[in-house]
file final26.csv (CSV, C-alpha atoms)
chain,number,residue,atom,x,y,z
E,21,MET,CA,5.5,26.3,13.2
E,22,SER,CA,5.4,22.6,14.1
E,23,ASP,CA,3.5,23.5,17.3
E,24,ALA,CA,0.8,25.3,15.4
E,25,GLY,CA,-0.9,22.1,14.5
E,26,ALA,CA,-0.4,20.4,17.8
E,27,ASP,CA,-4.1,20.6,18.7
E,28,TRP,CA,-5.4,19.7,15.3
E,29,PRO,CA,-7.4,16.5,15.1
E,30,GLY,CA,-5.5,13.3,14.1
E,31,GLU,CA,-8.6,11.6,12.8
E,32,PRO,CA,-11.2,12.6,10.3
E,33,VAL,CA,-13.9,15.0,11.6
E,34,ASN,CA,-17.5,14.5,10.4
E,35,VAL,CA,-18.7,17.7,8.8
E,36,SER,CA,-22.3,18.8,7.9
E,37,ASP,CA,-23.6,21.4,5.5
E,38,SER,CA,-24.0,24.0,8.2
E,39,GLU,CA,-20.4,23.5,9.5
E,40,PHE,CA,-18.7,23.2,6.2
E,41,ASN,CA,-17.5,26.7,5.4
E,42,GLU,CA,-16.3,27.3,8.9
E,43,PHE,CA,-14.4,24.0,8.9
E,44,ILE,CA,-12.6,24.5,5.6
E,45,GLY,CA,-11.5,28.0,6.8
E,46,LYS,CA,-10.4,26.9,10.2
E,47,TYR,CA,-7.2,25.2,9.2
E,48,PRO,CA,-4.7,26.1,6.4
E,49,TYR,CA,-4.9,22.7,4.7
E,50,VAL,CA,-8.1,20.7,4.8
E,51,ILE,CA,-9.1,17.6,2.8
E,52,ILE,CA,-12.8,16.6,2.7
E,53,ASP,CA,-13.8,13.0,1.9
E,54,CYS,CA,-17.2,13.1,0.3
E,55,TRP,CA,-18.8,9.7,0.8
E,56,ALA,CA,-22.0,7.8,1.5
E,57,PRO,CA,-22.6,4.6,3.5
E,58,TRP,CA,-23.8,2.5,0.6
E,59,CYS,CA,-20.9,3.4,-1.7
E,60,GLY,CA,-18.5,0.5,-2.0
E,61,PRO,CA,-15.5,2.4,-3.3
E,62,CYS,CA,-16.1,5.0,-0.4
E,63,ARG,CA,-15.6,2.1,2.0
E,64,ILE,CA,-12.3,1.3,0.2
E,65,LEU,CA,-11.1,4.8,0.6
E,66,GLY,CA,-12.3,5.3,4.2
E,67,PRO,CA,-9.5,3.4,5.9
E,68,VAL,CA,-6.9,5.1,3.8
E,69,ILE,CA,-8.3,8.5,4.9
E,70,ASP,CA,-8.2,7.3,8.6
E,71,GLU,CA,-4.6,6.4,8.2
E,72,LEU,CA,-3.6,9.6,6.4
E,73,ALA,CA,-5.3,11.7,9.1
E,74,GLY,CA,-3.0,10.1,11.7
E,75,ASP,CA,0.1,10.3,9.5
E,76,TYR,CA,-0.4,14.0,8.7
E,77,LYS,CA,-1.7,15.2,12.1
E,78,GLY,CA,-0.7,18.8,12.6
E,79,LYS,CA,-0.2,19.4,8.9
E,80,ILE,CA,-3.5,18.5,7.3
E,81,VAL,CA,-7.0,18.2,8.8
E,82,PHE,CA,-9.3,15.6,7.2
E,83,GLY,CA,-13.1,16.0,7.2
E,84,LYS,CA,-15.8,13.6,6.1
E,85,LEU,CA,-19.0,14.8,4.4
E,86,ASN,CA,-21.8,12.3,4.1
E,87,THR,CA,-23.4,13.4,0.8
E,88,ASP,CA,-26.6,11.6,1.5
E,89,GLU,CA,-27.3,13.8,4.5
E,90,ASN,CA,-25.5,16.9,3.2
E,91,GLN,CA,-26.7,17.4,-0.3
E,92,ALA,CA,-26.4,21.2,-0.3
E,93,THR,CA,-22.6,21.2,-0.1
E,94,ALA,CA,-22.3,18.3,-2.6
E,95,MET,CA,-24.4,20.4,-5.0
E,96,THR,CA,-22.3,23.6,-4.4
E,97,HIS,CA,-19.2,21.7,-5.4
E,98,GLY,CA,-20.8,20.0,-8.3
E,99,ILE,CA,-20.2,16.5,-6.9
E,100,MET,CA,-21.8,13.8,-9.1
E,101,SER,CA,-19.6,10.9,-8.1
E,102,ILE,CA,-18.3,9.6,-4.8
E,103,PRO,CA,-15.9,9.1,-3.3
E,104,THR,CA,-14.5,12.6,-4.1
E,105,LEU,CA,-11.8,14.3,-2.2
E,106,LEU,CA,-11.8,18.1,-2.1
E,107,PHE,CA,-8.5,19.8,-1.2
E,108,PHE,CA,-8.7,23.3,0.4
E,109,LYS,CA,-5.8,25.6,1.1
E,110,ASN,CA,-6.8,28.5,3.3
E,111,GLY,CA,-10.4,27.9,2.5
E,112,GLU,CA,-9.9,27.9,-1.3
E,113,LEU,CA,-10.5,24.7,-3.4
E,114,VAL,CA,-7.1,23.8,-5.0
E,115,ASP,CA,-7.6,20.2,-6.1
E,116,LYS,CA,-10.0,17.4,-6.4
E,117,THR,CA,-9.7,13.6,-6.9
E,118,MET,CA,-12.4,11.1,-7.7
E,119,GLY,CA,-12.7,7.4,-7.0
E,120,ALA,CA,-11.0,5.1,-4.6
E,121,MET,CA,-7.2,4.8,-4.7
E,122,PRO,CA,-4.5,3.2,-2.6
E,123,LYS,CA,-2.5,5.3,-0.1
E,124,THR,CA,0.6,5.1,-2.3
E,125,ALA,CA,-1.2,6.8,-5.2
E,126,LEU,CA,-2.8,9.4,-3.0
E,127,GLU,CA,0.2,10.6,-1.0
E,128,PRO,CA,2.1,12.3,-3.8
E,129,LYS,CA,-1.0,14.3,-4.5
E,130,ILE,CA,-1.5,15.3,-0.9
E,131,GLN,CA,2.2,16.2,-0.5
E,132,SER,CA,2.2,18.4,-3.6
E,133,HIS,CA,0.0,20.9,-1.7
E,134,LEU,CA,1.9,20.8,1.6
I,21,MET,CA,5.0,-16.5,10.8
I,22,GLU,CA,4.4,-18.6,7.7
I,23,TYR,CA,0.8,-19.2,6.7
I,24,ASP,CA,-0.5,-22.3,5.1
I,25,LEU,CA,-2.6,-20.2,2.8
I,26,VAL,CA,-2.9,-16.5,2.0
I,27,ILE,CA,-6.1,-15.5,0.2
I,28,ILE,CA,-5.9,-12.3,-1.8
I,29,GLY,CA,-9.3,-10.7,-2.2
I,30,GLY,CA,-12.1,-10.5,0.3
I,31,ALA,CA,-15.4,-11.0,-1.4
I,32,SER,CA,-17.6,-14.0,-2.0
I,33,ALA,CA,-14.8,-16.3,-3.4
I,34,GLY,CA,-12.2,-15.2,-0.8
I,35,PHE,CA,-14.6,-15.3,2.2
I,36,SER,CA,-15.8,-18.7,1.2
I,37,ALA,CA,-12.3,-20.0,0.7
I,38,GLY,CA,-11.3,-18.6,4.1
I,39,ILE,CA,-14.2,-20.3,5.9
I,40,TYR,CA,-13.4,-23.7,4.3
I,41,ALA,CA,-9.7,-23.4,4.7
I,42,ALA,CA,-9.9,-22.4,8.4
I,43,ARG,CA,-12.4,-25.1,9.2
I,44,ALA,CA,-10.2,-27.7,7.5
I,45,GLY,CA,-7.4,-26.6,9.8
I,46,LEU,CA,-5.3,-24.5,7.6
I,47,ASN,CA,-3.6,-21.5,9.1
I,48,ALA,CA,-5.0,-19.0,6.6
I,49,ILE,CA,-5.6,-15.3,6.2
I,50,ILE,CA,-7.6,-13.1,3.9
I,51,LEU,CA,-6.1,-9.8,2.6
I,52,ASP,CA,-8.4,-7.2,0.9
I,53,GLU,CA,-7.3,-3.8,-0.4
I,54,GLY,CA,-10.6,-2.3,0.5
I,55,MET,CA,-13.2,-3.0,3.1
I,56,GLY,CA,-14.1,-6.4,1.7
I,57,GLY,CA,-17.1,-7.2,-0.4
I,58,GLY,CA,-15.7,-6.5,-3.9
I,59,GLN,CA,-17.9,-5.7,-6.8
I,60,ALA,CA,-20.9,-7.5,-5.4
I,61,ALA,CA,-20.9,-5.0,-2.5
I,62,THR,CA,-21.7,-2.2,-5.1
I,63,SER,CA,-24.7,-4.1,-6.5
I,64,PRO,CA,-27.9,-2.4,-5.4
I,65,TRP,CA,-29.9,-5.7,-5.0
I,66,ILE,CA,-29.2,-9.4,-5.4
I,67,GLU,CA,-32.1,-11.8,-6.0
I,68,ASN,CA,-30.3,-15.0,-7.0
I,69,TYR,CA,-28.3,-16.0,-4.0
I,70,PRO,CA,-30.1,-18.9,-2.4
I,71,GLY,CA,-31.4,-18.3,1.0
I,72,TYR,CA,-32.1,-14.6,0.2
I,73,GLU,CA,-35.0,-13.8,-2.0
I,74,GLY,CA,-33.6,-10.3,-2.2
I,75,ILE,CA,-30.8,-8.6,-0.4
I,76,GLY,CA,-28.6,-5.5,-0.9
I,77,GLY,CA,-25.1,-6.3,-2.2
I,78,MET,CA,-23.4,-4.6,0.6
I,79,ASP,CA,-25.6,-6.4,3.2
I,80,LEU,CA,-24.9,-9.8,1.8
I,81,MET,CA,-21.2,-9.2,1.5
I,82,MET,CA,-20.9,-7.8,5.1
I,83,LYS,CA,-22.7,-10.9,6.3
I,84,MET,CA,-20.2,-13.1,4.5
I,85,LYS,CA,-17.3,-11.0,5.9
I,86,GLU,CA,-18.6,-11.4,9.5
I,87,HIS,CA,-19.0,-15.1,8.9
I,88,ALA,CA,-15.4,-15.3,7.6
I,89,GLU,CA,-14.1,-13.3,10.5
I,90,LYS,CA,-15.5,-15.9,12.9
I,91,ASN,CA,-13.1,-18.4,11.3
I,92,LEU,CA,-9.9,-16.6,10.3
I,93,PRO,CA,-8.3,-13.1,10.2
I,94,VAL,CA,-9.6,-10.8,7.5
I,95,GLU,CA,-7.3,-7.9,7.0
I,96,VAL,CA,-8.8,-5.0,5.2
I,97,GLY,CA,-7.0,-2.0,3.6
I,98,VAL,CA,-4.1,-4.2,2.6
I,99,HIS,CA,-3.1,-3.5,-0.9
I,100,VAL,CA,-0.9,-6.3,-2.2
I,101,GLU,CA,1.8,-4.9,-4.4
I,102,SER,CA,3.7,-8.0,-5.4
I,103,VAL,CA,3.9,-11.7,-4.8
I,104,ASN,CA,7.1,-13.6,-5.2
I,105,GLN,CA,8.0,-17.3,-4.9
I,106,SER,CA,11.3,-18.7,-3.7
I,107,ASP,CA,12.1,-22.2,-2.4
I,108,GLY,CA,8.5,-23.1,-2.1
I,109,VAL,CA,7.6,-20.1,0.0
I,110,PHE,CA,5.4,-17.2,-1.3
I,111,THR,CA,6.2,-13.7,-0.1
I,112,ILE,CA,3.3,-11.4,-0.4
I,113,ASN,CA,4.4,-7.7,-0.2
I,114,ALA,CA,1.8,-5.2,0.9
I,115,GLY,CA,3.5,-1.9,1.4
I,116,SER,CA,5.0,-1.9,4.9
I,117,ARG,CA,3.8,-5.5,5.6
I,118,THR,CA,4.8,-8.8,4.2
I,119,PHE,CA,3.2,-12.2,4.6
I,120,GLN,CA,4.7,-15.6,3.9
I,121,SER,CA,2.7,-18.6,2.8
I,122,LYS,CA,2.9,-22.1,1.5
I,123,SER,CA,0.0,-21.5,-0.9
I,124,VAL,CA,-2.0,-18.6,-2.4
I,125,ILE,CA,-5.5,-18.2,-3.7
I,126,PHE,CA,-6.2,-15.4,-6.1
I,127,ALA,CA,-9.7,-14.2,-5.4
I,128,THR,CA,-8.9,-10.8,-6.9
I,129,GLY,CA,-12.2,-10.3,-8.8
I,130,ALA,CA,-12.6,-7.8,-11.6
I,131,LYS,CA,-13.0,-4.1,-12.2
I,132,TYR,CA,-15.5,-2.4,-14.4
I,133,LYS,CA,-14.8,-1.9,-18.1
I,134,LYS,CA,-14.9,1.4,-20.0
I,135,ILE,CA,-16.6,1.7,-23.3
I,136,GLY,CA,-13.7,3.6,-24.7
I,137,VAL,CA,-15.6,6.4,-26.6
I,138,PRO,CA,-14.7,10.1,-26.7
I,139,GLY,CA,-16.0,12.0,-23.7
I,140,GLU,CA,-16.1,9.0,-21.4
I,141,GLU,CA,-12.9,9.7,-19.6
I,142,LYS,CA,-13.3,13.5,-19.5
I,143,LEU,CA,-16.8,13.4,-18.1
I,144,THR,CA,-16.3,10.7,-15.5
I,145,GLY,CA,-17.5,12.2,-12.2
I,146,ARG,CA,-19.2,14.9,-14.3
I,147,GLY,CA,-22.2,12.8,-15.1
I,148,VAL,CA,-20.5,9.6,-16.2
I,149,SER,CA,-20.6,6.9,-13.5
I,150,TYR,CA,-19.9,3.2,-13.1
I,151,CYS,CA,-21.7,2.8,-9.8
I,152,ALA,CA,-25.4,3.4,-9.5
I,153,THR,CA,-25.4,2.7,-5.7
I,154,CYS,CA,-22.6,5.2,-5.2
I,155,ASP,CA,-23.8,8.0,-7.4
I,156,GLY,CA,-27.5,7.4,-8.0
I,157,ALA,CA,-28.7,9.8,-5.4
I,158,PHE,CA,-27.1,12.7,-7.3
I,159,PHE,CA,-29.4,12.0,-10.3
I,160,ARG,CA,-32.8,12.1,-8.6
I,161,GLY,CA,-35.3,13.8,-10.9
I,162,LYS,CA,-32.8,13.8,-13.7
I,163,ASN,CA,-32.8,12.1,-17.1
I,164,VAL,CA,-30.2,9.3,-17.1
I,165,ALA,CA,-29.0,6.6,-19.5
I,166,VAL,CA,-27.8,3.2,-18.5
I,167,ILE,CA,-25.5,1.5,-21.1
I,168,GLY,CA,-25.4,-2.2,-20.9
I,169,GLY,CA,-28.0,-5.0,-21.4
I,170,GLY,CA,-26.7,-7.6,-18.9
I,171,ASN,CA,-27.9,-8.4,-15.4
I,172,ASN,CA,-25.7,-5.6,-14.0
I,173,GLY,CA,-27.0,-3.0,-16.4
I,174,LEU,CA,-30.6,-3.8,-15.7
I,175,THR,CA,-30.1,-3.9,-12.0
I,176,GLU,CA,-28.5,-0.5,-12.1
I,177,ALA,CA,-31.4,0.8,-14.3
I,178,LEU,CA,-33.9,-0.5,-11.8
I,179,HIS,CA,-32.0,1.0,-8.9
I,180,LEU,CA,-31.8,4.4,-10.6
I,181,LYS,CA,-35.6,4.3,-11.3
I,182,HIS,CA,-36.2,3.5,-7.6
I,183,VAL,CA,-34.1,6.5,-6.5
I,184,GLY,CA,-36.3,8.7,-8.7
I,185,ALA,CA,-34.3,9.2,-11.9
I,186,ASP,CA,-35.9,9.1,-15.4
I,187,VAL,CA,-34.1,6.1,-16.9
I,188,THR,CA,-33.4,4.9,-20.4
I,189,LEU,CA,-31.6,1.6,-21.0
I,190,ILE,CA,-29.3,1.5,-24.0
I,191,HIS,CA,-27.9,-1.7,-25.4
I,192,ARG,CA,-25.8,-2.4,-28.5
I,193,ARG,CA,-27.8,-5.5,-29.5
I,194,ASP,CA,-31.5,-5.9,-30.3
I,195,VAL,CA,-32.1,-8.3,-27.5
I,196,LEU,CA,-31.1,-7.9,-23.9
I,197,ARG,CA,-28.7,-10.4,-22.3
I,198,ALA,CA,-30.1,-10.1,-18.8
I,199,GLU,CA,-32.2,-12.8,-17.2
I,200,GLN,CA,-35.9,-12.7,-18.0
I,201,VAL,CA,-37.0,-11.8,-14.5
I,202,LEU,CA,-35.0,-8.5,-14.7
I,203,GLN,CA,-36.3,-7.8,-18.2
I,204,ASP,CA,-39.9,-8.2,-16.9
I,205,GLN,CA,-39.2,-5.8,-14.1
I,206,LEU,CA,-37.8,-3.3,-16.6
I,207,VAL,CA,-41.0,-3.4,-18.5
I,208,LYS,CA,-43.1,-3.2,-15.4
I,209,GLU,CA,-41.2,-0.1,-14.2
I,210,ASP,CA,-41.7,1.5,-17.5
I,211,ILE,CA,-38.1,2.0,-18.2
I,212,LYS,CA,-37.5,3.2,-21.8
I,213,MET,CA,-35.2,1.2,-24.0
I,214,LEU,CA,-33.0,2.1,-26.9
I,215,LEU,CA,-31.8,-1.2,-28.5
I,216,ASN,CA,-29.4,-1.9,-31.3
I,217,GLN,CA,-27.5,1.3,-30.6
I,218,ASP,CA,-23.8,1.9,-30.8
I,219,THR,CA,-22.6,4.5,-28.3
I,220,GLN,CA,-20.2,6.7,-30.3
I,221,GLU,CA,-19.6,9.6,-28.0
I,222,ILE,CA,-20.6,11.0,-24.6
I,223,LEU,CA,-21.4,14.7,-25.1
I,224,GLY,CA,-20.8,17.6,-22.9
I,225,ASP,CA,-18.0,20.1,-22.0
I,226,ASP,CA,-18.1,20.3,-18.2
I,227,MET,CA,-21.1,18.1,-17.6
I,228,VAL,CA,-22.8,15.4,-19.5
I,229,THR,CA,-25.4,16.7,-21.9
I,230,GLY,CA,-26.1,13.6,-23.9
I,231,ILE,CA,-25.0,10.6,-26.0
I,232,ARG,CA,-24.3,10.3,-29.7
I,233,MET,CA,-25.5,7.0,-30.9
I,234,LEU,CA,-25.6,5.1,-34.1
I,235,ASN,CA,-29.0,3.5,-34.5
I,236,LYS,CA,-28.0,0.3,-36.2
I,237,THR,CA,-31.5,-0.4,-37.3
I,238,THR,CA,-31.8,2.8,-39.3
I,239,GLY,CA,-28.1,3.5,-39.8
I,240,GLU,CA,-28.7,7.1,-38.5
I,241,VAL,CA,-26.5,8.9,-36.0
I,242,GLU,CA,-28.6,10.6,-33.4
I,243,ASP,CA,-27.9,12.7,-30.3
I,244,HIS,CA,-30.0,12.0,-27.3
I,245,GLU,CA,-30.1,14.3,-24.3
I,246,PHE,CA,-29.1,12.9,-20.9
I,247,GLN,CA,-27.8,14.5,-17.7
I,248,GLY,CA,-26.2,11.2,-16.4
I,249,VAL,CA,-24.7,8.2,-18.0
I,250,PHE,CA,-24.2,5.0,-16.1
I,251,ILE,CA,-21.9,2.5,-17.8
I,252,SER,CA,-22.2,-1.2,-17.2
I,253,VAL,CA,-20.6,-3.0,-20.1
I,254,GLY,CA,-18.7,-5.7,-18.4
I,255,GLU,CA,-15.5,-6.2,-16.5
I,256,ILE,CA,-11.8,-6.8,-16.7
I,257,PRO,CA,-10.3,-9.5,-14.4
I,258,ASN,CA,-7.6,-8.5,-11.9
I,259,THR,CA,-5.0,-11.0,-13.1
I,260,GLU,CA,-1.7,-8.9,-12.8
I,261,LEU,CA,-0.4,-10.5,-9.6
I,262,ALA,CA,-1.2,-14.1,-10.7
I,263,VAL,CA,0.4,-13.5,-14.1
I,264,SER,CA,3.5,-12.2,-12.4
I,265,LEU,CA,3.9,-15.6,-10.7
I,266,GLY,CA,3.6,-17.3,-14.1
I,267,ALA,CA,-0.1,-18.1,-14.0
I,268,GLU,CA,-1.5,-18.7,-17.5
I,269,LEU,CA,-4.6,-16.9,-18.8
I,270,GLN,CA,-7.4,-18.2,-21.0
I,271,ASP,CA,-7.9,-16.5,-24.4
I,272,SER,CA,-10.7,-14.4,-22.8
I,273,GLY,CA,-8.2,-13.0,-20.3
I,274,TYR,CA,-9.4,-14.8,-17.2
I,275,ILE,CA,-7.0,-17.0,-15.2
I,276,LYS,CA,-6.8,-20.6,-16.5
I,277,VAL,CA,-7.7,-23.1,-13.8
I,278,ASP,CA,-8.6,-26.8,-13.8
I,279,THR,CA,-11.7,-28.3,-12.2
I,280,LYS,CA,-10.0,-28.1,-8.8
I,281,LEU,CA,-9.3,-24.4,-9.3
I,282,ARG,CA,-5.5,-25.0,-9.5
I,283,THR,CA,-3.6,-22.7,-11.8
I,284,ASN,CA,-0.6,-24.0,-13.8
I,285,VAL,CA,1.6,-22.8,-11.0
I,286,LYS,CA,2.0,-25.3,-8.1
I,287,MET,CA,0.3,-24.1,-4.9
I,288,VAL,CA,-1.4,-21.3,-6.7
I,289,TYR,CA,-5.2,-21.3,-7.1
I,290,ALA,CA,-7.8,-18.9,-8.5
I,291,ALA,CA,-11.5,-18.5,-7.6
I,292,GLY,CA,-14.4,-16.2,-8.4
I,293,ASP,CA,-14.8,-13.6,-11.1
I,294,VAL,CA,-11.0,-13.7,-11.9
I,295,THR,CA,-11.5,-17.2,-13.5
I,296,GLY,CA,-14.4,-16.0,-15.7
I,297,GLY,CA,-17.5,-18.3,-16.3
I,298,LEU,CA,-20.8,-17.3,-14.9
I,299,ARG,CA,-19.4,-14.6,-12.5
I,300,GLN,CA,-22.1,-14.7,-10.0
I,301,VAL,CA,-21.9,-14.5,-6.2
I,302,ILE,CA,-22.9,-18.1,-5.9
I,303,THR,CA,-20.4,-19.4,-8.3
I,304,ALA,CA,-17.6,-17.3,-6.8
I,305,ALA,CA,-18.5,-18.7,-3.3
I,306,ALA,CA,-18.5,-22.3,-4.7
I,307,GLU,CA,-15.1,-21.8,-6.4
I,308,GLY,CA,-13.7,-20.4,-3.2
I,309,ALA,CA,-14.6,-23.5,-1.3
I,310,ILE,CA,-13.2,-25.8,-4.0
I,311,ALA,CA,-9.9,-23.8,-4.2
I,312,ALA,CA,-9.5,-23.9,-0.4
I,313,MET,CA,-10.0,-27.7,-0.3
I,314,SER,CA,-7.4,-28.1,-3.1
I,315,ALA,CA,-5.0,-25.9,-1.2
I,316,TYR,CA,-5.7,-28.1,1.9
I,317,ASP,CA,-5.0,-31.2,-0.1
I,318,ASP,CA,-1.8,-29.9,-1.5
I,319,VAL,CA,-0.5,-28.4,1.8
I,320,LYS,CA,-1.4,-31.3,4.0
I,321,ARG,CA,-1.1,-34.3,1.8
I,322,PRO,CA,0.6,-33.3,-1.5
I,323,TYR,CA,-0.2,-35.8,-4.3
I,324,TRP,CA,3.3,-35.4,-5.7
I,325,VAL,CA,5.2,-36.9,-2.8
call {"tool": "encode", "arguments": {"input": "final26.csv", "output": "structure tokens"}}
result
Amino acid sequence: MSDAGADWPGEPVNVSDSEFNEFIGKYPYVIIDCWAPWCGPCRILGPVIDELAGDYKGKIVFGKLNTDENQATAMTHGIMSIPTLLFFKNGELVDKTMGAMPKTALEPKIQSHL
Amino acid sequence: MEYDLVIIGGASAGFSAGIYAARAGLNAIILDEGMGGGQAATSPWIENYPGYEGIGGMDLMMKMKEHAEKNLPVEVGVHVESVNQSDGVFTINAGSRTFQSKSVIFATGAKYKKIGVPGEEKLTGRGVSYCATCDGAFFRGKNVAVIGGGNNGLTEALHLKHVGADVTLIHRRDVLRAEQVLQDQLVKEDIKMLLNQDTQEILGDDMVTGIRMLNKTTGEVEDHEFQGVFISVGEIPNTELAVSLGAELQDSGYIKVDTKLRTNVKMVYAAGDVTGGLRQVITAAAEGAIAAMSAYDDVKRPYWV
């Protein structure tokens, strides 16, 4: 079981509209950080996501979706505010958070879906 | 290692404090919970910082950050959880890391204020937003309201107009508080205004559909249709850490400081939005410099010995 995720990325993967569906179905637990370059709170959350991707390597795969460049996916998921985190288990949306938050606040949420 | 000075908050006050402290010879460090830049980094456009006729908030703040980094360490992504003092040494706890210091500057800024009306909480992220630079692009071609008649409200309204939204500015008084130059731009850009309006409720089940307002001129309650509501009605200073050390607050809730930016707690200073006043990038930067020099004086040549 623990070996299953050995090859999974330990840092966030940039995902585009065209890759999105394949990406969220590729791993059992995927968290997508929806962000844009000019969003201040997104830049607060960014380093937290980088860290979590390392901490949870092999258990969770993190993706980053630039909503400026990938408006179709943002629209499909009704995103009207960033940063938004989308939580997918086996390709199904199971949870969502909005706004920047410290790692200590985010971790319980992440672990509740492990 | 013990620092001479730890600066909590990396935005205009903190960066300026860091530059002055480091150049004076203090062993100082800046800690910021985000990427640095604070609230100003979310401002679409700043036109009153001398030297720049107009510059994006993020741009200006990243220039300041780079400038600070040439002078002292700037640690980002460091969320300070508590600050304690014992035997003249401050211990700053930030999760797995701790920092010790002889003095502390709180340049912790402020966070946006909510209006506190029904629907606001529920519809946040579903059409209600507090950051036009973040979320403006989702409202291109849509009918949006900006609530707030200060500089920030008008700047957000102009930004939303520029990204292609149909914008109405709503203010609770019959005159705007924002500077004249911004008011002139608002008129020039043909942004609609609803003045003397009390926001009573933000309407919508899953998505914002409008705002219920009391027109204070007529006394009538009216519903107006909107797909987005941007709220810019002021801010709340981040004073918790300073208060935990015993720093006194003004009646307005901002940290009480003297003209040297000293708080009532020895070796503890505050600068920028957290002290109230004009709350501009330029005043925050000025206060950072003053606070740093006060810290320098007190660390290097304390007046009480």
call {"tool": "closest_residue", "arguments": {"input": "final26.csv", "among": "I:Cys154, I:Leu46, I:Leu51, I:Ile66", "to": "chain E", "atoms": "all atoms listed in the file"}}
result
I:Cys154
call {"tool": "interface_residues", "arguments": {"input": "final26.csv", "of": "chain I", "to": "chain E", "cutoff": "10 Å", "atoms": "all atoms listed in the file", "output": "count of residues only"}}
result
40
call {"tool": "residues_around", "arguments": {"input": "final26.csv", "residues": "I:Ile275", "least_positions_apart": "3", "cutoff": "9 Å", "atoms": "only C-alpha atoms", "output": "list of chain:residue names"}}
result
I:Pro257, I:Thr259, I:Ala262, I:Val263, I:Ala267, I:Glu268, I:Leu269, I:Gln270, I:Ser272, I:Thr283, I:Ala290, I:Ala291, I:Val294, I:Thr295, I:Gly296
call {"tool": "atom_distance", "arguments": {"input": "final26.csv", "atom1": "atom CA of I:Asp194", "atom2": "atom CA of I:Asp218"}}
result
11.0 Å
call {"tool": "residues_around", "arguments": {"input": "final26.csv", "residues": "E:Gly83", "least_positions_apart": "4", "cutoff": "8 Å", "atoms": "all atoms listed in the file", "output": "PyMOL selection string"}}
result
chain E and resi 32-35+50-53
call {"tool": "residues_around", "arguments": {"input": "final26.csv", "residues": "E:Gly30", "least_positions_apart": "4", "cutoff": "9 Å", "atoms": "only C-alpha atoms", "output": "PDB file with C-alpha atoms, in the frame of the given file"}}
result
ATOM      1  CA  ASP E  70      -8.200   7.300   8.600  1.00  0.00           C
ATOM      2  CA  LEU E  72      -3.600   9.600   6.400  1.00  0.00           C
ATOM      3  CA  ALA E  73      -5.300  11.700   9.100  1.00  0.00           C
ATOM      4  CA  GLY E  74      -3.000  10.100  11.700  1.00  0.00           C
ATOM      5  CA  ASP E  75       0.100  10.300   9.500  1.00  0.00           C
ATOM      6  CA  TYR E  76      -0.400  14.000   8.700  1.00  0.00           C
ATOM      7  CA  LYS E  77      -1.700  15.200  12.100  1.00  0.00           C
ATOM      8  CA  GLY E  78      -0.700  18.800  12.600  1.00  0.00           C
ATOM      9  CA  ILE E  80      -3.500  18.500   7.300  1.00  0.00           C
ATOM     10  CA  VAL E  81      -7.000  18.200   8.800  1.00  0.00           C
ATOM     11  CA  PHE E  82      -9.300  15.600   7.200  1.00  0.00           C
TER      12      PHE E  82
END
call {"tool": "atom_distance", "arguments": {"input": "final26.csv", "atom1": "atom CA of E:Asp37", "atom2": "atom CA of I:Gln247"}}
result
24.6 Å
call {"tool": "residues_near_point", "arguments": {"input": "final26.csv", "point": "(-18.6, -15.4, -6.0)", "cutoff": "10 Å", "atoms": "only C-alpha atoms", "output": "PyMOL selection string"}}
result
chain I and resi 31-36+58-60+69+127+129+291-294+298-308
call {"tool": "residues_around", "arguments": {"input": "final26.csv", "residues": "I:Val201", "least_positions_apart": "6", "cutoff": "12 Å", "atoms": "all atoms listed in the file", "output": "count of residues only"}}
result
8
call {"tool": "atom_distance", "arguments": {"input": "final26.csv", "atom1": "atom CA of I:Gly239", "atom2": "atom CA of I:Ile251"}}
result
22.9 Å
